[in-house]
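This is final03.txt (compact mmCIF, C-alpha atoms and all ligand atoms).
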# COMPACT_ATOMS: atom_id res chain seq x y z
CA MET A 1 -34.60 -15.50 6.21
CA SER A 2 -32.33 -18.55 6.33
CA THR A 3 -29.74 -18.41 9.06
CA ILE A 4 -26.16 -19.49 8.74
CA GLN A 5 -23.74 -20.51 11.41
CA ILE A 6 -21.21 -17.82 12.34
CA PRO A 7 -17.92 -19.29 13.50
CA PRO A 8 -16.67 -17.25 16.47
CA ARG A 9 -12.99 -17.84 15.80
CA ILE A 10 -11.35 -19.66 12.95
CA PRO A 11 -8.55 -22.05 13.92
CA LEU A 12 -5.37 -21.56 11.93
CA ASP A 13 -5.41 -25.21 10.88
CA ASP A 14 -8.60 -24.56 8.91
CA TYR A 15 -6.53 -22.48 6.49
CA SER A 16 -4.70 -25.63 5.35
CA SER A 17 -7.64 -26.30 3.06
CA VAL A 18 -6.89 -23.05 1.22
CA ILE A 19 -3.13 -22.52 1.43
CA GLY A 20 -1.87 -26.03 2.24
CA ALA A 21 -0.59 -27.56 5.46
CA GLY A 22 3.00 -26.54 4.61
CA GLU A 23 2.20 -22.83 4.71
CA VAL A 24 0.39 -23.19 8.02
CA ALA A 25 3.36 -25.09 9.47
CA GLU A 26 5.67 -22.31 8.25
CA LEU A 27 3.58 -19.71 10.10
CA ARG A 28 3.87 -21.75 13.29
CA THR A 29 7.63 -22.06 12.89
CA LEU A 30 8.06 -18.32 12.29
CA ALA A 31 5.91 -17.50 15.30
CA LYS A 32 7.72 -19.77 17.76
CA PRO A 33 10.44 -17.30 18.77
CA LEU A 34 7.76 -14.61 19.11
CA ALA A 35 5.62 -16.50 21.61
CA GLY A 36 4.50 -14.28 24.50
CA ARG A 37 6.08 -11.17 23.01
CA SER A 38 3.87 -8.10 22.92
CA VAL A 39 2.40 -6.29 19.94
CA VAL A 40 -0.05 -3.38 19.94
CA MET A 41 -1.83 -2.37 16.75
CA ILE A 42 -3.49 1.05 16.79
CA ASN A 43 -5.87 2.51 14.22
CA SER A 44 -8.76 4.95 14.21
CA THR A 45 -11.90 2.86 13.73
CA ALA A 46 -13.10 -0.53 14.93
CA VAL A 47 -15.53 -1.01 12.02
CA GLY A 48 -15.84 0.28 8.50
CA GLY A 49 -13.06 0.45 5.96
CA GLY A 50 -10.28 -1.83 4.95
CA VAL A 51 -7.94 -1.36 7.93
CA ALA A 52 -10.53 -2.50 10.48
CA GLU A 53 -11.37 -5.39 8.16
CA ILE A 54 -7.74 -6.57 8.14
CA LEU A 55 -7.11 -6.12 11.87
CA ASN A 56 -10.28 -7.98 12.64
CA ARG A 57 -8.82 -11.08 11.05
CA LEU A 58 -5.10 -10.60 11.65
CA VAL A 59 -5.20 -10.08 15.40
CA PRO A 60 -6.98 -13.35 16.33
CA LEU A 61 -4.67 -15.35 14.08
CA ALA A 62 -1.56 -13.79 15.64
CA GLU A 63 -3.05 -14.48 19.05
CA GLU A 64 -3.55 -18.11 18.18
CA LEU A 65 0.15 -18.26 17.30
CA GLY A 66 0.96 -17.31 20.89
CA ILE A 67 1.73 -13.65 20.32
CA ASN A 68 0.57 -11.29 23.05
CA ILE A 69 -1.23 -8.96 20.64
CA ARG A 70 -3.79 -6.21 21.28
CA TRP A 71 -5.75 -4.05 18.90
CA GLU A 72 -6.53 -0.57 20.21
CA VAL A 73 -8.65 2.12 18.57
CA MET A 74 -7.83 5.77 19.13
CA THR A 75 -10.67 8.05 20.15
CA GLY A 76 -11.45 11.54 18.95
CA GLY A 77 -14.21 14.10 18.71
CA GLU A 78 -15.96 15.20 15.52
CA ASP A 79 -13.41 18.00 15.17
CA PHE A 80 -10.57 15.45 15.08
CA PHE A 81 -12.20 13.20 12.47
CA GLU A 82 -13.11 16.17 10.31
CA VAL A 83 -9.47 17.22 10.35
CA THR A 84 -8.15 13.72 9.68
CA LYS A 85 -10.67 13.18 6.86
CA SER A 86 -9.48 16.37 5.19
CA PHE A 87 -5.88 15.20 5.71
CA HIS A 88 -6.85 11.86 4.17
CA ASN A 89 -8.37 13.53 1.12
CA ALA A 90 -5.44 15.94 0.83
CA LEU A 91 -2.92 13.11 1.03
CA HIS A 92 -4.82 11.56 -1.86
CA GLY A 93 -4.25 14.80 -3.77
CA ALA A 94 -7.49 16.73 -3.05
CA PRO A 95 -7.34 20.52 -2.62
CA TYR A 96 -6.81 21.60 0.97
CA HIS A 97 -6.30 24.90 2.77
CA PRO A 98 -4.07 24.31 5.76
CA GLU A 99 -5.02 26.02 9.00
CA GLN A 100 -2.92 26.08 12.15
CA ARG A 101 -6.06 25.09 14.07
CA HIS A 102 -6.19 21.74 12.21
CA PHE A 103 -2.66 20.85 13.19
CA ASP A 104 -3.35 21.85 16.79
CA ILE A 105 -6.45 19.61 16.91
CA PHE A 106 -4.45 16.72 15.49
CA ARG A 107 -1.70 17.16 18.08
CA ALA A 108 -4.13 17.56 20.99
CA TYR A 109 -5.99 14.30 20.24
CA ASN A 110 -2.77 12.39 19.74
CA GLU A 111 -1.57 13.68 23.10
CA LYS A 112 -4.87 12.67 24.77
CA ASN A 113 -4.69 9.20 23.26
CA ALA A 114 -1.08 8.80 24.30
CA LYS A 115 -2.20 9.09 27.91
CA ARG A 116 -4.90 6.46 27.42
CA LEU A 117 -3.36 3.86 25.14
CA PRO A 118 -0.72 1.27 26.02
CA LEU A 119 2.45 2.37 24.23
CA ASP A 120 4.89 0.00 25.86
CA ALA A 121 4.54 -3.14 23.72
CA GLU A 122 7.71 -4.50 22.16
CA PHE A 123 6.20 -3.88 18.70
CA MET A 124 3.98 -0.84 18.21
CA ILE A 125 2.21 -0.84 14.83
CA ILE A 126 0.48 2.45 14.11
CA HIS A 127 -1.95 2.43 11.20
CA ASP A 128 -2.43 5.46 8.96
CA PRO A 129 -2.02 9.18 9.65
CA GLN A 130 -4.65 9.62 12.39
CA PRO A 131 -2.60 8.12 15.27
CA SER A 132 0.80 8.76 13.69
CA GLY A 133 1.55 11.51 16.24
CA LEU A 134 1.70 8.91 19.02
CA ILE A 135 5.35 8.39 18.11
CA SER A 136 6.11 11.61 20.01
CA TYR A 137 5.28 9.72 23.20
CA ARG A 138 7.46 6.68 22.67
CA GLY A 139 9.28 5.80 25.84
CA GLY A 140 12.91 4.95 26.19
CA ASN A 141 12.34 1.21 26.55
CA GLY A 142 13.83 0.30 23.17
CA ASN A 143 10.54 -0.92 21.71
CA HIS A 144 10.01 -0.93 17.95
CA TRP A 145 7.61 1.49 16.29
CA VAL A 146 6.34 0.91 12.76
CA TRP A 147 4.07 3.19 10.75
CA ARG A 148 1.73 1.16 8.54
CA CYS A 149 0.36 3.55 5.92
CA HIS A 150 -2.58 2.18 3.92
CA ILE A 151 -3.17 5.18 1.70
CA ASP A 152 -1.80 6.30 -1.64
CA LEU A 153 0.94 8.81 -0.85
CA SER A 154 2.21 9.20 -4.39
CA HIS A 155 0.89 12.79 -4.77
CA PRO A 156 0.24 14.09 -1.27
CA HIS A 157 -0.72 17.66 -0.51
CA PRO A 158 2.67 19.20 0.40
CA ALA A 159 1.45 20.92 3.59
CA VAL A 160 -0.08 17.77 5.06
CA TRP A 161 2.86 15.58 4.15
CA LYS A 162 5.24 18.20 5.60
CA PHE A 163 3.26 18.06 8.82
CA LEU A 164 3.41 14.26 8.94
CA GLU A 165 7.15 14.49 8.42
CA ASN A 166 7.27 15.73 12.01
CA TYR A 167 6.41 12.15 12.95
CA VAL A 168 7.11 9.55 10.27
CA PRO A 169 10.95 9.70 10.29
CA HIS A 170 10.90 8.95 14.03
CA TYR A 171 9.49 5.48 13.44
CA ASP A 172 11.84 2.53 13.02
CA ALA A 173 10.21 1.50 9.76
CA ALA A 174 7.29 2.26 7.46
CA ILE A 175 5.05 -0.11 5.53
CA PHE A 176 3.28 0.82 2.30
CA SER A 177 0.82 -1.07 0.08
CA SER A 178 2.53 -0.30 -3.22
CA PRO A 179 6.09 0.62 -4.33
CA GLU A 180 4.68 3.86 -5.81
CA PHE A 181 3.61 5.04 -2.37
CA ALA A 182 7.12 4.93 -0.91
CA LYS A 183 8.64 8.26 0.14
CA GLN A 184 12.09 9.70 0.66
CA LEU A 185 12.57 8.65 4.27
CA PRO A 186 15.55 7.95 6.49
CA ILE A 187 13.95 4.71 7.74
CA PRO A 188 13.51 1.31 6.07
CA GLN A 189 10.33 0.94 4.04
CA TYR A 190 8.53 -2.33 3.45
CA LEU A 191 5.91 -3.45 0.96
CA PHE A 192 2.94 -5.31 2.48
CA HIS A 193 -0.12 -6.08 0.41
CA PRO A 194 -3.39 -5.71 2.26
CA ALA A 195 -5.25 -8.98 2.43
CA ILE A 196 -8.60 -10.70 2.85
CA ASP A 197 -9.56 -13.64 4.97
CA PRO A 198 -10.95 -16.40 2.74
CA LEU A 199 -12.71 -18.06 5.67
CA SER A 200 -14.31 -14.97 7.22
CA GLU A 201 -18.03 -14.29 7.03
CA LYS A 202 -17.24 -11.70 4.38
CA ASN A 203 -15.57 -14.14 2.04
CA ARG A 204 -16.44 -17.74 2.79
CA ASP A 205 -18.90 -19.74 0.73
CA ILE A 206 -22.51 -19.13 1.65
CA PRO A 207 -25.63 -21.03 0.65
CA PRO A 208 -27.41 -19.84 -2.51
CA GLU A 209 -30.69 -19.56 -0.56
CA PHE A 210 -29.09 -17.02 1.74
CA ILE A 211 -28.00 -14.96 -1.28
CA LEU A 212 -31.54 -15.04 -2.68
CA ASP A 213 -32.93 -14.00 0.70
CA VAL A 214 -30.63 -10.98 0.82
CA LEU A 215 -31.61 -9.97 -2.73
CA ALA A 216 -35.29 -10.27 -1.88
CA ARG A 217 -34.80 -8.23 1.28
CA TYR A 218 -33.31 -5.35 -0.70
CA GLY A 219 -35.76 -5.64 -3.60
CA ILE A 220 -33.11 -6.74 -6.10
CA ASP A 221 -34.23 -8.89 -9.04
CA HIS A 222 -32.01 -11.97 -9.32
CA LEU A 223 -33.09 -12.62 -12.91
CA ARG A 224 -31.56 -9.47 -14.40
CA PRO A 225 -27.86 -8.53 -14.42
CA ILE A 226 -26.65 -6.86 -11.22
CA LEU A 227 -23.81 -4.33 -11.23
CA THR A 228 -22.48 -3.62 -7.75
CA GLN A 229 -20.12 -1.28 -5.98
CA ILE A 230 -19.66 -1.87 -2.26
CA SER A 231 -17.97 1.11 -0.64
CA ARG A 232 -18.33 3.66 2.08
CA PHE A 233 -20.22 6.67 0.67
CA ASP A 234 -17.10 8.69 0.03
CA ARG A 235 -16.42 11.06 -2.88
CA LEU A 236 -13.15 9.28 -3.61
CA LYS A 237 -15.18 6.11 -4.29
CA ASP A 238 -17.13 8.18 -6.87
CA PRO A 239 -20.67 6.79 -6.39
CA VAL A 240 -22.04 9.51 -8.67
CA GLY A 241 -19.57 8.46 -11.38
CA VAL A 242 -20.80 4.88 -11.01
CA ILE A 243 -24.38 6.04 -11.54
CA ARG A 244 -23.34 7.96 -14.67
CA ALA A 245 -21.57 4.88 -16.05
CA TYR A 246 -24.62 2.75 -15.24
CA ARG A 247 -26.89 5.13 -17.15
CA ILE A 248 -24.78 4.65 -20.28
CA VAL A 249 -24.85 0.85 -19.86
CA ARG A 250 -28.62 0.96 -19.24
CA ARG A 251 -29.20 2.24 -22.76
CA TYR A 252 -28.03 -1.15 -24.04
CA PHE A 253 -28.77 -3.64 -21.21
CA ASP A 254 -31.72 -4.10 -18.89
CA CYS A 255 -29.66 -4.23 -15.71
CA GLN A 256 -29.68 -3.00 -12.11
CA LEU A 257 -27.16 -1.05 -10.09
CA VAL A 258 -26.47 -1.70 -6.42
CA LEU A 259 -24.45 0.87 -4.48
CA ALA A 260 -24.09 -0.43 -0.96
CA GLY A 261 -22.15 1.08 1.87
CA GLY A 262 -22.13 1.51 5.58
CA GLY A 263 -20.24 4.14 7.51
CA ALA A 264 -16.98 4.20 9.39
CA SER A 265 -16.73 6.02 12.70
CA ASP A 266 -13.69 7.96 11.47
CA ASP A 267 -15.51 9.16 8.31
CA PRO A 268 -17.84 12.13 8.87
CA GLU A 269 -18.72 12.67 5.17
CA GLY A 270 -20.91 9.60 4.56
CA ALA A 271 -24.35 11.21 4.90
CA THR A 272 -23.55 14.09 2.52
CA VAL A 273 -22.14 11.78 -0.14
CA LEU A 274 -25.11 9.42 0.16
CA LYS A 275 -27.38 12.41 -0.47
CA GLU A 276 -25.38 13.30 -3.58
CA ALA A 277 -25.83 9.74 -4.83
CA GLN A 278 -29.57 9.84 -4.06
CA ASN A 279 -29.92 13.03 -6.07
CA ALA A 280 -28.00 11.52 -8.97
CA ALA A 281 -30.17 8.37 -8.89
CA GLU A 282 -33.30 10.52 -9.45
CA GLY A 283 -35.57 7.85 -7.99
CA ASP A 284 -34.65 5.22 -10.63
CA PRO A 285 -36.11 2.00 -9.15
CA ASP A 286 -33.27 -0.03 -10.70
CA ILE A 287 -30.66 1.88 -8.71
CA LYS A 288 -30.52 0.46 -5.22
CA LEU A 289 -28.72 2.72 -2.77
CA LEU A 290 -28.31 0.53 0.28
CA GLU A 291 -27.26 1.89 3.62
CA LEU A 292 -25.80 -1.17 5.27
CA PRO A 293 -25.21 -1.47 8.99
CA GLN A 294 -21.56 -0.83 9.91
CA TRP A 295 -21.04 -4.53 10.48
CA ALA A 296 -22.83 -6.63 7.88
CA PRO A 297 -20.25 -9.04 6.46
CA LEU A 298 -22.73 -11.71 5.37
CA GLU A 299 -24.85 -9.18 3.48
CA VAL A 300 -21.75 -7.82 1.73
CA ASN A 301 -20.69 -11.36 0.90
CA ALA A 302 -24.14 -12.14 -0.53
CA LEU A 303 -24.30 -8.93 -2.59
CA GLN A 304 -20.84 -9.55 -4.03
CA ARG A 305 -21.69 -13.15 -4.89
CA ALA A 306 -25.00 -12.13 -6.48
CA SER A 307 -23.31 -9.59 -8.74
CA THR A 308 -22.88 -10.10 -12.44
CA ILE A 309 -20.09 -7.52 -12.42
CA VAL A 310 -18.41 -5.76 -9.52
CA ILE A 311 -17.36 -2.15 -10.04
CA GLN A 312 -14.77 -0.16 -8.08
CA LYS A 313 -14.72 3.24 -9.72
CA SER A 314 -12.52 4.96 -7.15
CA LEU A 315 -10.87 8.27 -7.98
CA ARG A 316 -8.09 7.45 -5.49
CA GLU A 317 -7.54 4.23 -3.61
CA GLY A 318 -5.02 2.89 -1.14
CA PHE A 319 -5.57 -0.69 -2.18
CA GLY A 320 -9.27 -1.46 -2.47
CA LEU A 321 -9.96 -4.58 -0.45
CA THR A 322 -13.39 -4.74 -2.09
CA VAL A 323 -11.59 -5.64 -5.32
CA SER A 324 -9.82 -8.59 -3.68
CA GLU A 325 -13.10 -9.67 -2.13
CA ALA A 326 -14.85 -9.67 -5.51
CA LEU A 327 -12.00 -11.43 -7.28
CA TRP A 328 -11.91 -14.08 -4.58
CA LYS A 329 -15.57 -14.74 -5.42
CA ARG A 330 -14.54 -15.18 -9.07
CA LYS A 331 -16.37 -12.04 -10.13
CA PRO A 332 -15.44 -10.05 -13.23
CA VAL A 333 -14.36 -6.64 -11.94
CA VAL A 334 -14.25 -3.28 -13.70
CA ALA A 335 -12.17 -0.87 -11.66
CA SER A 336 -10.29 2.40 -11.96
CA ALA A 337 -6.57 2.25 -12.60
CA VAL A 338 -5.71 4.12 -9.40
CA GLY A 339 -3.68 3.44 -6.26
CA GLY A 340 -3.30 -0.23 -5.44
CA ILE A 341 -6.02 -1.41 -7.82
CA PRO A 342 -3.72 -2.24 -10.78
CA THR A 343 -1.76 -4.58 -8.47
CA GLN A 344 -4.95 -6.61 -8.27
CA ILE A 345 -6.52 -5.99 -11.65
CA ILE A 346 -4.05 -6.94 -14.34
CA HIS A 347 -5.86 -5.52 -17.33
CA LYS A 348 -7.50 -8.19 -19.50
CA HIS A 349 -6.04 -10.90 -17.30
CA THR A 350 -7.70 -10.63 -13.88
CA GLY A 351 -10.24 -7.93 -14.70
CA LEU A 352 -10.67 -4.72 -16.67
CA LEU A 353 -9.28 -1.30 -15.84
CA ALA A 354 -10.93 1.98 -16.76
CA HIS A 355 -10.00 5.65 -16.54
CA SER A 356 -13.31 7.50 -16.86
CA VAL A 357 -17.09 7.23 -16.63
CA GLU A 358 -17.26 6.39 -20.33
CA GLY A 359 -14.42 3.86 -20.03
CA THR A 360 -16.12 2.17 -17.09
CA ALA A 361 -19.38 1.93 -19.04
CA TYR A 362 -17.55 0.57 -22.08
CA GLN A 363 -15.86 -2.19 -20.08
CA ILE A 364 -19.11 -3.15 -18.34
CA ARG A 365 -20.89 -3.39 -21.69
CA PHE A 366 -18.07 -5.52 -23.05
CA LEU A 367 -18.34 -7.96 -20.13
CA LEU A 368 -22.13 -8.12 -20.27
CA SER A 369 -21.91 -9.15 -23.90
CA HIS A 370 -18.98 -11.57 -23.37
CA PRO A 371 -19.90 -13.72 -20.37
CA ASP A 372 -17.31 -16.36 -21.30
CA ILE A 373 -14.48 -13.80 -21.08
CA ALA A 374 -16.00 -12.41 -17.88
CA GLY A 375 -15.90 -15.92 -16.39
CA ARG A 376 -12.25 -16.41 -17.30
CA LEU A 377 -11.25 -13.06 -15.80
CA GLY A 378 -13.01 -14.01 -12.56
CA GLU A 379 -11.29 -17.38 -12.43
CA ARG A 380 -7.83 -15.86 -12.93
CA GLY A 381 -8.68 -13.12 -10.44
CA HIS A 382 -9.41 -15.77 -7.82
CA GLN A 383 -6.02 -17.38 -8.43
CA HIS A 384 -4.28 -14.01 -8.24
CA VAL A 385 -5.83 -13.29 -4.84
CA LYS A 386 -5.01 -16.77 -3.61
CA GLU A 387 -1.37 -16.31 -4.53
CA ASN A 388 -0.93 -12.76 -3.27
CA PHE A 389 -3.62 -11.23 -1.12
CA LEU A 390 -4.65 -13.64 1.63
CA ILE A 391 -4.49 -12.79 5.32
CA THR A 392 -2.07 -15.65 5.99
CA GLN A 393 0.52 -13.95 3.77
CA ASN A 394 -0.02 -10.67 5.54
CA LEU A 395 0.49 -12.44 8.85
CA LYS A 396 3.69 -14.02 7.56
CA ARG A 397 5.03 -10.60 6.60
CA TYR A 398 4.34 -9.23 10.07
CA LEU A 399 6.00 -12.23 11.71
CA THR A 400 9.06 -11.78 9.52
CA LEU A 401 9.18 -8.07 10.32
CA PHE A 402 8.92 -8.73 14.08
CA LEU A 403 11.71 -11.29 13.84
CA LYS A 404 13.90 -8.81 11.98
CA LEU A 405 13.20 -5.81 14.20
CA GLY A 406 13.26 -7.75 17.43
CA LYS A 407 16.28 -9.91 16.78
CA SER A 408 18.40 -8.01 19.26
CA SER A 409 15.74 -8.07 22.01
N1 LIG B 1 -17.28 -2.61 3.67
C1 LIG B 1 -18.29 -3.17 4.43
N2 LIG B 1 -19.49 -2.58 4.41
C2 LIG B 1 -19.74 -1.48 3.67
C3 LIG B 1 -18.71 -0.91 2.89
C4 LIG B 1 -17.47 -1.50 2.91
O1 LIG B 1 -18.10 -4.18 5.09
O2 LIG B 1 -20.87 -1.02 3.70
C5 LIG B 1 -15.98 -3.27 3.70
C6 LIG B 1 -15.55 -3.84 2.36
O3 LIG B 1 -16.17 -5.10 2.17
C7 LIG B 1 -14.05 -3.90 2.57
C8 LIG B 1 -13.77 -2.64 3.39
O4 LIG B 1 -14.99 -2.32 4.05
O5 LIG B 1 -13.69 -5.04 3.32
C9 LIG B 1 -13.37 -1.46 2.52
O6 LIG B 1 -12.04 -1.56 2.25
P1 LIG B 1 -11.39 -0.83 1.01
O7 LIG B 1 -9.94 -1.08 1.07
O8 LIG B 1 -12.09 -1.27 -0.24
O9 LIG B 1 -11.74 0.71 1.20
P2 LIG B 1 -11.59 1.76 2.40
O10 LIG B 1 -12.97 1.90 2.96
O11 LIG B 1 -10.61 1.22 3.40
O12 LIG B 1 -11.15 3.02 1.75
Starting from the file, lay out its structure as structure tokens.
Ligand code: UDP
Amino acid sequence: MSTIQIPPRIPLDDYSSVIGAGEVAELRTLAKPLAGRSVVMINSTAVGGGVAEILNRLVPLAEELGINIRWEVMTGGEDFFEVTKSFHNALHGAPYHPEQRHFDIFRAYNEKNAKRLPLDAEFMIIHDPQPSGLISYRGGNGNHWVWRCHIDLSHPHPAVWKFLENYVPHYDAAIFSSPEFAKQLPIPQYLFHPAIDPLSEKNRDIPPEFILDVLARYGIDHLRPILTQISRFDRLKDPVGVIRAYRIVRRYFDCQLVLAGGGASDDPEGATVLKEAQNAAEGDPDIKLLELPQWAPLEVNALQRASTIVIQKSLREGFGLTVSEALWKRKPVVASAVGGIPTQIIHKHTGLLAHSVEGTAYQIRFLLSHPDIAGRLGERGHQHVKENFLITQNLKRYLTLFLKLGKSS
């Protein structure tokens, strides 16, 4: 296995090569009045999933700009994460039978975490529903609380949304990933696109030999087309639907399917969904179901770069950082037209959208037989990510929000 150097921390100036020195200078200027001021970001998992991925990159960059920023992860037992996973699914429109017990568990863990976590920063940014109840413990020190919701709230289960309404209106602002997710709220709402770090291990260029090593390690043939979906094993990512689409494509093309995913500590359903995918794969040697370690950014990078086509056949999706990651690598992407995906995949311009198993298979077949078009989609996808979905833009939005909220401090 060839080894590659892992940079411990990426200096902000290195981003000039991607976004230009002017943008980096602008970030420094915006951050100047915020030097030494405190920010606490709280979410529910340190690894696995898009939110951890973003915070992992955002926090060190903000720190380098002189902001006194901390990232804290709330803790909870299995009972808590089972409840919050069913809330998550219900907020994405899945059926759900509310039980008083669930709401009590949610409240109890938020109360416990309130005693443990620092809640006195000038800017408190609370990510997603799991820790949203912390707002009940805000002190009277005039600090600013913002709820950053990463999930698609366009058709939430009424009982779960009603419960969250006990909390959300008490924040000073809310941030959503798409205009369609905005709600009727008495507080200002902002649109922030999630973002990827072009220089992180997950996204930076890697040597071709490393990619070949990773393929060999997982028994993937680099000479035949590779279709890939990288996602937690989660029903909303529809791994079984991907396998069904692959089977249709397989009738026409000798290709392989890679479904790769690790777990997230706030997601208790992974093992069951992986089993469902294994059953659907029926031992087909060309379907590689890879259980990745929770933290394997270089492997993910290599698998995405090795792919002929990247699939994201989600049934619901907040944003789908995996789509940005694939586009950044100039990959043709076939993805479902759900949640934040159409913001990234402009149909026939930066990728292809689909609405069903059959539609996904159709678009994959089209791309496999039109590699020139596939190449152009990937190239435009890269540009689209560069202009809209890089971590430096996300950072700029946060700086601007802090300046606005904190102007009277
Ligand atoms: N991811 C990973 N390993 C895995 C599965 C996913 O590193 O085995 C990463 C993926 O590359 C992306 C994030 O986790 O950065 C998933 O974010 P996304 O918004 O696509 O979905 P979420 O899991 O947050 O619903």
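The shortest atom-to-atom distance to Glu99 of chain A, with all atoms listed in the file taken into account, belongs to A:Val160 out of A:Val160, A:Val59, A:Met41, A:Val242.
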Please give the centre and size of the box around segment 299-314 of chain A (axis-aligned, containing every atom listed in the file, 3 Å added per side), with values in Å to one decimal and written as AutoDock Vina command-line options.
--center_x -18.8 --center_y -4.1 --center_z -4.5 --size_x 18.5 --size_y 24.1 --size_z 21.9
Would you mind listing the residues within 8 Å of ligand LIG 1 (chain B), counting only C-alpha atoms and all ligand atoms, as a ChimeraX atom specification? /A:48-54,196,202,230-232,237,260-264,291-297,300-301,317-323,325
Generate a file of the selected residues that holds C-alpha atoms, formatted as a tab-separated table (two decimals), keeping the file's coordinate frame.
chain	number	residue	atom	x	y	z
A	48	GLY	CA	-15.84	0.28	8.50
A	49	GLY	CA	-13.06	0.45	5.96
A	50	GLY	CA	-10.28	-1.83	4.95
A	51	VAL	CA	-7.94	-1.36	7.93
A	52	ALA	CA	-10.53	-2.50	10.48
A	53	GLU	CA	-11.37	-5.39	8.16
A	54	ILE	CA	-7.74	-6.57	8.14
A	196	ILE	CA	-8.60	-10.70	2.85
A	202	LYS	CA	-17.24	-11.70	4.38
A	230	ILE	CA	-19.66	-1.87	-2.26
A	231	SER	CA	-17.97	1.11	-0.64
A	232	ARG	CA	-18.33	3.66	2.08
A	237	LYS	CA	-15.18	6.11	-4.29
A	260	ALA	CA	-24.09	-0.43	-0.96
A	261	GLY	CA	-22.15	1.08	1.87
A	262	GLY	CA	-22.13	1.51	5.58
A	263	GLY	CA	-20.24	4.14	7.51
A	264	ALA	CA	-16.98	4.20	9.39
A	291	GLU	CA	-27.26	1.89	3.62
A	292	LEU	CA	-25.80	-1.17	5.27
A	293	PRO	CA	-25.21	-1.47	8.99
A	294	GLN	CA	-21.56	-0.83	9.91
A	295	TRP	CA	-21.04	-4.53	10.48
A	296	ALA	CA	-22.83	-6.63	7.88
A	297	PRO	CA	-20.25	-9.04	6.46
A	300	VAL	CA	-21.75	-7.82	1.73
A	301	ASN	CA	-20.69	-11.36	0.90
A	317	GLU	CA	-7.54	4.23	-3.61
A	318	GLY	CA	-5.02	2.89	-1.14
A	319	PHE	CA	-5.57	-0.69	-2.18
A	320	GLY	CA	-9.27	-1.46	-2.47
A	321	LEU	CA	-9.96	-4.58	-0.45
A	322	THR	CA	-13.39	-4.74	-2.09
A	323	VAL	CA	-11.59	-5.64	-5.32
A	325	GLU	CA	-13.10	-9.67	-2.13
Skip segment 405-407 of chain A itself and residues of its chain fewer than 2 positions away, then list as number ranges by chain all residues within 9 Å of it, counting all atoms listed in the file.
-> A: 34, 122-123, 143-144, 172, 400-403, 409
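Between atom CA of Leu199 of chain A and atom CA of Pro60 of chain A there is a distance of 13.0 Å.
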**Message:** I'd like the neighbourhood of segment 268-276 of chain A as a list in words, where a residue qualifies if any of its atoms comes within 6 Å (using all atoms listed in the file), though same-chain residues fewer than 3 positions away should be ignored.
**Reply:** Phe233, Asp234 and Asn279 of chain A
Would you write out those residues with C-alpha atoms, as a PDB file, in the frame of the given file?
ATOM      1  CA  PHE A 233     -20.220   6.670   0.670  1.00  0.00           C
ATOM      2  CA  ASP A 234     -17.100   8.690   0.030  1.00  0.00           C
ATOM      3  CA  ASN A 279     -29.920  13.030  -6.070  1.00  0.00           C
TER       4      ASN A 279
END
Counting only C-alpha atoms, the residue among A:Thr75, A:Thr343, A:Asn89, A:Asn56 that lies closest to His155 of chain A is A:Asn89
Mind listing as a list in words all residues within 9 Å of (-15.2, 0.2, -15.2), counting all atoms listed in the file? Val242, Ala245, Val310, Ile311, Gln312, Lys313, Val333, Val334, Ala335, Ser336, Leu352, Leu353, Ala354, His355, Ser356, Val357, Glu358, Gly359, Thr360, Ala361, Tyr362, Gln363 and Ile364 of chain A
Selected residues, C-alpha atoms, written as a PDB file, keeping the file's coordinate frame, please.
ATOM      1  CA  VAL A 242     -20.800   4.880 -11.010  1.00  0.00           C
ATOM      2  CA  ALA A 245     -21.570   4.880 -16.050  1.00  0.00           C
ATOM      3  CA  VAL A 310     -18.410  -5.760  -9.520  1.00  0.00           C
ATOM      4  CA  ILE A 311     -17.360  -2.150 -10.040  1.00  0.00           C
ATOM      5  CA  GLN A 312     -14.770  -0.160  -8.080  1.00  0.00           C
ATOM      6  CA  LYS A 313     -14.720   3.240  -9.720  1.00  0.00           C
ATOM      7  CA  VAL A 333     -14.360  -6.640 -11.940  1.00  0.00           C
ATOM      8  CA  VAL A 334     -14.250  -3.280 -13.700  1.00  0.00           C
ATOM      9  CA  ALA A 335     -12.170  -0.870 -11.660  1.00  0.00           C
ATOM     10  CA  SER A 336     -10.290   2.400 -11.960  1.00  0.00           C
ATOM     11  CA  LEU A 352     -10.670  -4.720 -16.670  1.00  0.00           C
ATOM     12  CA  LEU A 353      -9.280  -1.300 -15.840  1.00  0.00           C
ATOM     13  CA  ALA A 354     -10.930   1.980 -16.760  1.00  0.00           C
ATOM     14  CA  HIS A 355     -10.000   5.650 -16.540  1.00  0.00           C
ATOM     15  CA  SER A 356     -13.310   7.500 -16.860  1.00  0.00           C
ATOM     16  CA  VAL A 357     -17.090   7.230 -16.630  1.00  0.00           C
ATOM     17  CA  GLU A 358     -17.260   6.390 -20.330  1.00  0.00           C
ATOM     18  CA  GLY A 359     -14.420   3.860 -20.030  1.00  0.00           C
ATOM     19  CA  THR A 360     -16.120   2.170 -17.090  1.00  0.00           C
ATOM     20  CA  ALA A 361     -19.380   1.930 -19.040  1.00  0.00           C
ATOM     21  CA  TYR A 362     -17.550   0.570 -22.080  1.00  0.00           C
ATOM     22  CA  GLN A 363     -15.860  -2.190 -20.080  1.00  0.00           C
ATOM     23  CA  ILE A 364     -19.110  -3.150 -18.340  1.00  0.00           C
TER      24      ILE A 364
END
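Taking atom CA of Arg330 of chain A and atom CA of Asn394 of chain A as the two end points, the separation is 21.1 Å.
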